[in-house]
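The structure appears below as structure tokens.
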Amino acid sequence: KKTTGEVLTYDGEICDARFSKSCGGVSETFENCWEEVPHPYLRKVIDNRDECDIAAKDLTNEKNARQWILSNPESFCNTTDEKILSQVLVSYDQKTTDFFRWNVEYGQNEISKLVKKRTGIDFGEIKDLIPIERGESGRIIKLQIVGSKRSLTIGKELEIRKALSESHLYSSAFVVEKEMDKNNNPNKFILHGAGWGHGVGLCQIGAAVMASKGYGYQEILKHYYKEAVIEKRY
């Protein structure tokens with residue numbers, strides 16, 4: 001009742017208020033997940049009080065992205081508080097506690113079958129997974145899958161997440177570690193990742209943490225949707 005008639009707008013238009021479960025510490029820009037249409041209020045936001053972290057300076061850079069993803073930075077959505085998570089996540093999602101930083105492991109046989117099943121393409125044995133382009137949050141936009149039979153670059157982030165999971169990989173913000181056999185062929189791929197979802201717009205877990213810390217809804221919205229304004233329309 002207190003917010004009746006209030007809407008979030010930018011340049012006079014109602015905002016496309018995207019959201020994801022956990023940005024992983026940095027939110028992504030709209031264009032890196034969907035069509036090339038600028039949304040100035042859906043851009044990179046560093047998800048902490050000071051909106052400053054030197055490790056998150058330029059996550060389109062592979063070295064910086066690796067450092068960031070393998071770190072454990074202070075962020076609003078970096079929480080394991082069950083009470084807060086219960087406000088955001090449905091019951092089955094509450095079993096997931098490693099959403100801020102996570103690991104997924106695949107053996108060679110497992111990943112080659114998985115990628116074939118999910119893409120419909122027989123790559124043969126998977127030789128490498130190479131990030132070609134990353135977005136502002138370190139999420140991979142273009143990924144080259146190198147196989148013994150063929151190679152292909154896929155993207156954007158949702159296609160990458162579908163190709164590397166039976167459902168959806170938590171996010172495309174990941175770095176790849178390979179374990180090699182005695183013939184120097186990869187027999188295991190370990191994905192070290194950050195965040196849960198596409199990361200654009202409001203971070204649901206981060207917003208819940210902000211609220212628990214006493215931030216008002218207007219502060220929360222202005223944190224995640226830069227340059228947007230709250231208007232009383234009716």
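Ordering of the structure tokens sets the chain letters (A, B, ...), residue numbers begin anew at 1 in every chain, and ligands are numbered from 1 in the order given.
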Identify, on the basis of only C-alpha atoms, every residue whose closest approach to Val104 of chain A does not exceed 10 Å; exclude the query and any residue fewer than 6 positions from it along the same chain; express the result as a PyMOL selection string. chain A and resi 164-165+169-170+174+176+189-193
Please extract the residues of segment 163-231 of chain A with a backbone DSSP assignment of helix (DSSP H, G or I) and present them as an mmCIF file with N, CA, C and O atoms, in the first residue's frame.
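The resulting selection03.cif:
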```
data_model
loop_
_atom_site.group_PDB
_atom_site.id
_atom_site.type_symbol
_atom_site.label_atom_id
_atom_site.label_comp_id
_atom_site.auth_asym_id
_atom_site.auth_seq_id
_atom_site.Cartn_x
_atom_site.Cartn_y
_atom_site.Cartn_z
ATOM 1 N N ALA A 163 24.729 -25.569 -22.447
ATOM 2 C CA ALA A 163 25.627 -26.551 -23.062
ATOM 3 C C ALA A 163 26.438 -27.322 -22.032
ATOM 4 O O ALA A 163 26.861 -28.453 -22.285
ATOM 5 N N GLN A 204 18.716 -10.510 -6.338
ATOM 6 C CA GLN A 204 17.689 -10.803 -5.329
ATOM 7 C C GLN A 204 18.279 -11.048 -3.938
ATOM 8 O O GLN A 204 17.765 -10.529 -2.947
ATOM 9 N N ILE A 205 19.332 -11.849 -3.888
ATOM 10 C CA ILE A 205 19.930 -12.136 -2.587
ATOM 11 C C ILE A 205 20.608 -10.890 -2.042
ATOM 12 O O ILE A 205 20.498 -10.579 -0.851
ATOM 13 N N GLY A 206 21.284 -10.148 -2.892
ATOM 14 C CA GLY A 206 21.907 -8.894 -2.467
ATOM 15 C C GLY A 206 20.893 -7.896 -1.953
ATOM 16 O O GLY A 206 21.117 -7.218 -0.938
ATOM 17 N N ALA A 207 19.745 -7.804 -2.623
ATOM 18 C CA ALA A 207 18.693 -6.882 -2.198
ATOM 19 C C ALA A 207 18.139 -7.290 -0.834
ATOM 20 O O ALA A 207 17.864 -6.431 0.018
ATOM 21 N N ALA A 208 17.977 -8.597 -0.614
ATOM 22 C CA ALA A 208 17.483 -9.072 0.679
ATOM 23 C C ALA A 208 18.470 -8.756 1.798
ATOM 24 O O ALA A 208 18.076 -8.369 2.903
ATOM 25 N N VAL A 209 19.755 -8.901 1.504
ATOM 26 C CA VAL A 209 20.778 -8.556 2.497
ATOM 27 C C VAL A 209 20.763 -7.057 2.780
ATOM 28 O O VAL A 209 20.852 -6.629 3.937
ATOM 29 N N MET A 210 20.642 -6.244 1.734
ATOM 30 C CA MET A 210 20.573 -4.795 1.921
ATOM 31 C C MET A 210 19.397 -4.423 2.824
ATOM 32 O O MET A 210 19.533 -3.598 3.730
ATOM 33 N N ALA A 211 18.258 -5.047 2.572
ATOM 34 C CA ALA A 211 17.077 -4.761 3.395
ATOM 35 C C ALA A 211 17.324 -5.140 4.853
ATOM 36 O O ALA A 211 16.936 -4.414 5.768
ATOM 37 N N SER A 212 17.996 -6.266 5.067
ATOM 38 C CA SER A 212 18.283 -6.716 6.434
ATOM 39 C C SER A 212 19.241 -5.766 7.149
ATOM 40 O O SER A 212 19.261 -5.705 8.378
ATOM 41 N N TYR A 217 13.757 0.590 0.322
ATOM 42 C CA TYR A 217 13.541 0.074 -1.026
ATOM 43 C C TYR A 217 14.047 1.036 -2.104
ATOM 44 O O TYR A 217 14.535 0.608 -3.155
ATOM 45 N N GLN A 218 13.948 2.339 -1.835
ATOM 46 C CA GLN A 218 14.433 3.299 -2.830
ATOM 47 C C GLN A 218 15.953 3.223 -2.972
ATOM 48 O O GLN A 218 16.490 3.270 -4.086
ATOM 49 N N GLU A 219 16.652 3.077 -1.847
ATOM 50 C CA GLU A 219 18.113 2.930 -1.895
ATOM 51 C C GLU A 219 18.510 1.661 -2.639
ATOM 52 O O GLU A 219 19.468 1.649 -3.427
ATOM 53 N N ILE A 220 17.773 0.583 -2.397
ATOM 54 C CA ILE A 220 18.080 -0.697 -3.040
ATOM 55 C C ILE A 220 17.881 -0.599 -4.551
ATOM 56 O O ILE A 220 18.735 -1.014 -5.338
ATOM 57 N N LEU A 221 16.761 -0.019 -4.957
ATOM 58 C CA LEU A 221 16.483 0.118 -6.388
ATOM 59 C C LEU A 221 17.505 1.016 -7.070
ATOM 60 O O LEU A 221 17.973 0.727 -8.178
ATOM 61 N N LYS A 222 17.887 2.089 -6.409
ATOM 62 C CA LYS A 222 18.856 3.013 -7.012
ATOM 63 C C LYS A 222 20.257 2.411 -7.056
ATOM 64 O O LYS A 222 21.083 2.800 -7.885
ATOM 65 N N HIS A 223 20.533 1.464 -6.153
ATOM 66 C CA HIS A 223 21.822 0.771 -6.175
ATOM 67 C C HIS A 223 21.923 -0.118 -7.409
ATOM 68 O O HIS A 223 22.946 -0.111 -8.100
ATOM 69 N N TYR A 224 20.872 -0.871 -7.694
ATOM 70 C CA TYR A 224 20.931 -1.840 -8.792
ATOM 71 C C TYR A 224 20.535 -1.270 -10.147
ATOM 72 O O TYR A 224 21.005 -1.765 -11.186
#
```
Between atom CA of Ile46 of chain A and atom CA of Ile84 of chain A lies a distance of 20.3 Å
Polymer residues at most 6 Å from segment 128-145 of chain A, only C-alpha atoms, same-chain spacing of 4 or more positions, as a ChimeraX atom specification: /A:26-28,59-60,65,151-157,172-173
Could the residues in this selection be written to a file with N, CA and C atoms, as a PDB file, in the first residue's frame?
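Contents of out.pdb, freshly written:
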```
ATOM      1  N   VAL A  26      29.228  -8.660  -8.928  1.00  0.00           N
ATOM      2  CA  VAL A  26      29.184  -7.624  -9.964  1.00  0.00           C
ATOM      3  C   VAL A  26      28.038  -7.953 -10.909  1.00  0.00           C
ATOM      4  N   SER A  27      27.201  -6.970 -11.219  1.00  0.00           N
ATOM      5  CA  SER A  27      26.097  -7.213 -12.147  1.00  0.00           C
ATOM      6  C   SER A  27      26.552  -6.993 -13.591  1.00  0.00           C
ATOM      7  N   GLU A  28      25.802  -7.592 -14.507  1.00  0.00           N
ATOM      8  CA  GLU A  28      26.149  -7.590 -15.933  1.00  0.00           C
ATOM      9  C   GLU A  28      25.324  -6.553 -16.693  1.00  0.00           C
ATOM     10  N   LEU A  59      36.633  -6.723 -15.670  1.00  0.00           N
ATOM     11  CA  LEU A  59      36.462  -8.171 -15.702  1.00  0.00           C
ATOM     12  C   LEU A  59      36.301  -8.712 -17.116  1.00  0.00           C
ATOM     13  N   THR A  60      36.373  -7.844 -18.120  1.00  0.00           N
ATOM     14  CA  THR A  60      36.432  -8.332 -19.503  1.00  0.00           C
ATOM     15  C   THR A  60      37.829  -8.869 -19.801  1.00  0.00           C
ATOM     16  N   ALA A  65      39.460 -11.372 -14.589  1.00  0.00           N
ATOM     17  CA  ALA A  65      38.288 -12.206 -14.354  1.00  0.00           C
ATOM     18  C   ALA A  65      38.663 -13.434 -13.525  1.00  0.00           C
ATOM     19  N   SER A 151      35.478 -27.861 -33.662  1.00  0.00           N
ATOM     20  CA  SER A 151      35.464 -26.757 -32.699  1.00  0.00           C
ATOM     21  C   SER A 151      34.367 -25.783 -33.103  1.00  0.00           C
ATOM     22  N   LEU A 152      33.818 -25.097 -32.113  1.00  0.00           N
ATOM     23  CA  LEU A 152      32.745 -24.142 -32.372  1.00  0.00           C
ATOM     24  C   LEU A 152      32.701 -23.125 -31.249  1.00  0.00           C
ATOM     25  N   THR A 153      32.432 -21.871 -31.604  1.00  0.00           N
ATOM     26  CA  THR A 153      32.232 -20.818 -30.608  1.00  0.00           C
ATOM     27  C   THR A 153      30.741 -20.619 -30.399  1.00  0.00           C
ATOM     28  N   ILE A 154      30.301 -20.675 -29.132  1.00  0.00           N
ATOM     29  CA  ILE A 154      28.885 -20.521 -28.814  1.00  0.00           C
ATOM     30  C   ILE A 154      28.676 -19.312 -27.900  1.00  0.00           C
ATOM     31  N   GLY A 155      27.450 -18.857 -27.784  1.00  0.00           N
ATOM     32  CA  GLY A 155      27.089 -17.742 -26.917  1.00  0.00           C
ATOM     33  C   GLY A 155      25.698 -17.252 -27.286  1.00  0.00           C
ATOM     34  N   LYS A 156      25.004 -16.408 -26.478  1.00  0.00           N
ATOM     35  CA  LYS A 156      25.577 -15.724 -25.344  1.00  0.00           C
ATOM     36  C   LYS A 156      25.504 -16.581 -24.088  1.00  0.00           C
ATOM     37  N   GLU A 157      25.361 -15.919 -22.939  1.00  0.00           N
ATOM     38  CA  GLU A 157      25.560 -16.620 -21.672  1.00  0.00           C
ATOM     39  C   GLU A 157      24.604 -17.787 -21.443  1.00  0.00           C
ATOM     40  N   SER A 172      27.558 -18.069 -16.311  1.00  0.00           N
ATOM     41  CA  SER A 172      28.667 -18.211 -17.267  1.00  0.00           C
ATOM     42  C   SER A 172      29.913 -17.474 -16.785  1.00  0.00           C
ATOM     43  N   ALA A 173      29.889 -17.025 -15.534  1.00  0.00           N
ATOM     44  CA  ALA A 173      31.088 -16.408 -14.929  1.00  0.00           C
ATOM     45  C   ALA A 173      31.922 -17.525 -14.317  1.00  0.00           C
TER      46      ALA A 173
END
```
Output as a list in words all residues of segment 45-161 of chain A that backbone DSSP marks as strand (DSSP E or B).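 Checking each residue of segment 45-161 of chain A, the strand (DSSP E or B) ones are Ile46, Arg101, Trp102, Asn103, Val104, Glu105, Tyr106, Gly107, Ile126, Lys127, Asp128, Leu129, Ile130, Pro131, Ile132, Glu133, Arg134, Ile140, Ile141, Lys142, Leu143, Gln144, Ile145, Val146, Gly147, Ser151, Leu152, Thr153 and Ile154 of chain A.
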Quick one: of A:Tyr10, A:Phe99, A:Tyr225, A:Phe30, who's nearest to Leu202 of chain A, counting only C-alpha atoms? A:Tyr225
Skipping near chain neighbours, those fewer than 2 positions away, what residues fall within 12 Å of Asn78 of chain A using only C-alpha atoms, listed as an MDAnalysis selection string? chainID A and resid 21:26 47:48 71:76 80:81 84:85 97:102 194:196 203:210
Where does segment 174-212 of chain A meet segment 119-126 of chain A within 12 Å, residue by residue, with the nearest atom pair and distance in Å to one decimal for each, counting only C-alpha atoms, listed by chain and rising number, as a Markdown table?
```
| residue | atom | partner | partner_atom | distance |
| --- | --- | --- | --- | --- |
| A:Lys178 | CA | A:Ile126 | CA | 10.9 |
| A:Asn185 | CA | A:Ile126 | CA | 9.4 |
| A:Pro186 | CA | A:Ile126 | CA | 7.8 |
| A:Asn187 | CA | A:Ile126 | CA | 9.1 |
| A:Lys188 | CA | A:Ile126 | CA | 9.8 |
| A:Phe189 | CA | A:Ile126 | CA | 9.3 |
```
Could you please take those selected residues and save all heavy atoms as a PDB file, in the first residue's frame?
```
ATOM      1  N   LYS A 178      41.899 -27.698 -15.957  1.00  0.00           N
ATOM      2  CA  LYS A 178      41.948 -29.022 -16.574  1.00  0.00           C
ATOM      3  C   LYS A 178      42.946 -29.912 -15.839  1.00  0.00           C
ATOM      4  O   LYS A 178      44.018 -29.454 -15.454  1.00  0.00           O
ATOM      5  CB  LYS A 178      42.363 -28.924 -18.044  1.00  0.00           C
ATOM      6  CG  LYS A 178      41.353 -28.217 -18.939  1.00  0.00           C
ATOM      7  CD  LYS A 178      41.808 -28.208 -20.389  1.00  0.00           C
ATOM      8  CE  LYS A 178      43.036 -27.332 -20.584  1.00  0.00           C
ATOM      9  NZ  LYS A 178      43.456 -27.271 -22.001  1.00  0.00           N
ATOM     10  N   ASN A 185      46.355 -35.369 -22.308  1.00  0.00           N
ATOM     11  CA  ASN A 185      44.988 -35.100 -22.741  1.00  0.00           C
ATOM     12  C   ASN A 185      44.132 -34.832 -21.502  1.00  0.00           C
ATOM     13  O   ASN A 185      44.339 -35.461 -20.457  1.00  0.00           O
ATOM     14  CB  ASN A 185      44.410 -36.288 -23.504  1.00  0.00           C
ATOM     15  CG  ASN A 185      45.072 -36.487 -24.850  1.00  0.00           C
ATOM     16  OD1 ASN A 185      45.259 -35.539 -25.607  1.00  0.00           O
ATOM     17  ND2 ASN A 185      45.450 -37.732 -25.152  1.00  0.00           N
ATOM     18  N   PRO A 186      43.175 -33.924 -21.597  1.00  0.00           N
ATOM     19  CA  PRO A 186      42.366 -33.607 -20.412  1.00  0.00           C
ATOM     20  C   PRO A 186      41.446 -34.764 -20.034  1.00  0.00           C
ATOM     21  O   PRO A 186      40.686 -35.259 -20.871  1.00  0.00           O
ATOM     22  CB  PRO A 186      41.563 -32.377 -20.851  1.00  0.00           C
ATOM     23  CG  PRO A 186      41.535 -32.450 -22.341  1.00  0.00           C
ATOM     24  CD  PRO A 186      42.819 -33.085 -22.760  1.00  0.00           C
ATOM     25  N   ASN A 187      41.524 -35.200 -18.791  1.00  0.00           N
ATOM     26  CA  ASN A 187      40.607 -36.242 -18.323  1.00  0.00           C
ATOM     27  C   ASN A 187      39.616 -35.713 -17.292  1.00  0.00           C
ATOM     28  O   ASN A 187      38.718 -36.421 -16.864  1.00  0.00           O
ATOM     29  CB  ASN A 187      41.358 -37.454 -17.771  1.00  0.00           C
ATOM     30  CG  ASN A 187      42.251 -37.111 -16.586  1.00  0.00           C
ATOM     31  OD1 ASN A 187      42.165 -36.012 -16.036  1.00  0.00           O
ATOM     32  ND2 ASN A 187      43.104 -38.042 -16.194  1.00  0.00           N
ATOM     33  N   LYS A 188      39.776 -34.444 -16.908  1.00  0.00           N
ATOM     34  CA  LYS A 188      38.804 -33.811 -16.015  1.00  0.00           C
ATOM     35  C   LYS A 188      38.790 -32.305 -16.246  1.00  0.00           C
ATOM     36  O   LYS A 188      39.836 -31.684 -16.442  1.00  0.00           O
ATOM     37  CB  LYS A 188      39.131 -34.093 -14.547  1.00  0.00           C
ATOM     38  CG  LYS A 188      38.130 -33.493 -13.565  1.00  0.00           C
ATOM     39  CD  LYS A 188      38.525 -33.709 -12.118  1.00  0.00           C
ATOM     40  CE  LYS A 188      38.278 -35.121 -11.674  1.00  0.00           C
ATOM     41  NZ  LYS A 188      38.513 -35.290 -10.210  1.00  0.00           N
ATOM     42  N   PHE A 189      37.568 -31.733 -16.241  1.00  0.00           N
ATOM     43  CA  PHE A 189      37.384 -30.281 -16.320  1.00  0.00           C
ATOM     44  C   PHE A 189      36.734 -29.817 -15.019  1.00  0.00           C
ATOM     45  O   PHE A 189      35.710 -30.378 -14.602  1.00  0.00           O
ATOM     46  CB  PHE A 189      36.483 -29.903 -17.496  1.00  0.00           C
ATOM     47  CG  PHE A 189      37.131 -30.048 -18.843  1.00  0.00           C
ATOM     48  CD1 PHE A 189      37.170 -31.282 -19.484  1.00  0.00           C
ATOM     49  CD2 PHE A 189      37.709 -28.960 -19.468  1.00  0.00           C
ATOM     50  CE1 PHE A 189      37.760 -31.421 -20.725  1.00  0.00           C
ATOM     51  CE2 PHE A 189      38.305 -29.083 -20.708  1.00  0.00           C
ATOM     52  CZ  PHE A 189      38.335 -30.324 -21.339  1.00  0.00           C
TER      53      PHE A 189
END
```
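Atom pair atom CA of Glu166 of chain A / atom CA of Arg118 of chain A has a distance of 7.4 Å (rounded to one decimal).
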In terms of the shortest atom-to-atom distance over only C-alpha atoms, which of A:Met180, A:Ile230, A:Leu89, A:Val175 is closest to Lys127 of chain A?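 Ranked by minimum distance to Lys127 of chain A, first place goes to A:Met180.
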